[in-house]
>>> print(open('my_file-v7.cif').read())   # mmCIF, C-alpha atoms
data_final
loop_
_atom_site.label_atom_id
_atom_site.label_comp_id
_atom_site.auth_asym_id
_atom_site.auth_seq_id
_atom_site.Cartn_x
_atom_site.Cartn_y
_atom_site.Cartn_z
CA MET A 15 2.55 6.53 4.18
CA VAL A 16 5.95 5.34 5.39
CA SER A 17 8.88 5.87 3.04
CA PRO A 18 11.06 2.81 2.34
CA VAL A 19 14.51 2.67 3.95
CA SER A 20 17.42 1.87 1.67
CA PRO A 21 19.54 -1.24 2.36
CA ALA A 22 22.63 0.95 2.62
CA LYS A 23 21.00 2.99 5.39
CA ILE A 24 20.03 -0.18 7.27
CA LEU A 25 23.58 -1.55 7.02
CA GLU A 26 24.99 1.77 8.17
CA GLU A 27 22.73 1.81 11.23
CA LEU A 28 23.61 -1.80 12.05
CA GLY A 29 27.29 -0.97 11.78
CA HIS A 30 26.95 1.98 14.14
CA LYS A 31 24.99 -0.06 16.65
CA ALA A 32 27.50 -2.91 16.49
CA SER A 33 30.38 -0.46 17.00
CA ASP A 34 28.60 1.12 19.97
CA LEU A 35 27.93 -2.30 21.47
CA LEU A 36 31.53 -3.43 21.06
CA ALA A 37 32.86 -0.15 22.44
CA SER A 38 30.87 -0.54 25.64
CA GLY A 39 31.07 -4.32 26.08
CA PRO A 40 33.69 -6.85 27.10
CA ALA A 41 34.93 -7.06 23.51
CA LYS A 42 36.59 -3.67 24.04
CA ASP A 43 38.57 -5.10 26.97
CA VAL A 44 39.62 -8.06 24.86
CA GLU A 45 40.74 -5.69 22.10
CA LYS A 46 42.80 -3.65 24.58
CA ASN A 47 44.42 -6.80 25.97
CA VAL A 48 45.24 -8.15 22.52
CA LYS A 49 46.75 -4.80 21.49
CA ALA A 50 48.86 -4.72 24.65
CA LEU A 51 50.01 -8.31 24.08
CA LEU A 52 50.91 -7.63 20.45
CA GLY A 53 52.65 -4.38 21.39
CA SER A 54 54.73 -6.23 23.96
CA ALA A 55 55.62 -8.98 21.48
CA PHE A 56 56.55 -6.50 18.75
CA SER A 57 58.70 -4.44 21.11
CA LYS A 58 60.83 -7.54 21.77
CA LEU A 59 61.44 -8.08 18.06
CA ASP A 60 64.09 -6.24 16.10
CA LEU A 61 61.71 -4.40 13.76
CA VAL A 62 62.12 -1.21 11.75
CA THR A 63 59.55 1.28 10.57
CA ARG A 64 58.47 1.46 6.94
CA ASP A 65 60.29 4.81 6.61
CA GLU A 66 63.53 3.34 7.94
CA PHE A 67 63.19 0.37 5.60
CA GLU A 68 62.58 2.57 2.56
CA LEU A 69 65.54 4.79 3.45
CA GLN A 70 67.86 1.79 3.75
CA ARG A 71 66.53 0.38 0.47
CA GLU A 72 67.28 3.66 -1.32
CA MET A 73 70.78 3.76 0.16
CA LEU A 74 71.40 0.17 -0.94
CA ALA A 75 70.24 0.94 -4.49
CA LYS A 76 72.62 3.92 -4.67
CA THR A 77 75.46 1.81 -3.31
CA ARG A 78 74.80 -0.87 -5.93
CA GLU A 79 74.86 1.76 -8.68
CA LYS A 80 78.20 3.08 -7.44
CA LEU A 81 79.60 -0.45 -7.18
CA GLU A 82 78.54 -1.26 -10.74
CA ALA A 83 80.14 1.98 -11.99
CA LEU A 84 83.37 1.15 -10.16
CA GLU A 85 83.37 -2.38 -11.57
CA GLN A 86 82.97 -0.98 -15.09
CA ARG A 87 85.76 1.52 -14.46
CA ILE A 88 88.08 -1.24 -13.21
CA ALA A 89 87.26 -3.36 -16.26
CA GLN A 90 88.13 -0.39 -18.52
CA LEU A 91 91.40 0.20 -16.69
CA ASP A 92 92.26 -3.50 -16.94
CA LYS A 93 91.68 -3.39 -20.70
CA GLN A 94 93.83 -0.28 -21.06
CA SER A 95 96.69 -1.73 -19.04
CA GLY A 96 96.53 -4.97 -21.00
CA ASP A 97 96.91 -3.20 -24.36
#
>>> encode(input="my_file-v7.cif", output="structure tokens")
Amino acid sequence: MVSPVSPAKILEELGHKASDLLASGPAKDVEKNVKALLGSAFSKLDLVTRDEFELQREMLAKTREKLEALEQRIAQLDKQSGD
């Protein structure tokens, strides 16, 4: 008696076979060419990494906090000099 094969197992096997087929076929060449084209296009743009972006965002937040504190301090000094 043959044991039934689960649908998940069938999908897994199909996925592996499709990956193997794409890896050895002309689709792999197309993928390489598209990656090279995108890499070339991105290198011409003025882009930053996620880490650089997050670092700049943190620095901007700190600068805003300092600016707000200075504005409050100036407002206090203005009140004191006006009294």
>>> atom_distance(input="my_file-v7.cif", atom1="CA of Arg71 (chain A)", atom2="CA of Leu59 (chain A)")
20.2 Å
>>> atom_distance(input="my_file-v7.cif", atom1="CA of Glu27 (chain A)", atom2="CA of Lys46 (chain A)")
24.7 Å
>>> atom_distance(input="my_file-v7.cif", atom1="CA of Gln94 (chain A)", atom2="CA of Arg78 (chain A)")
24.3 Å
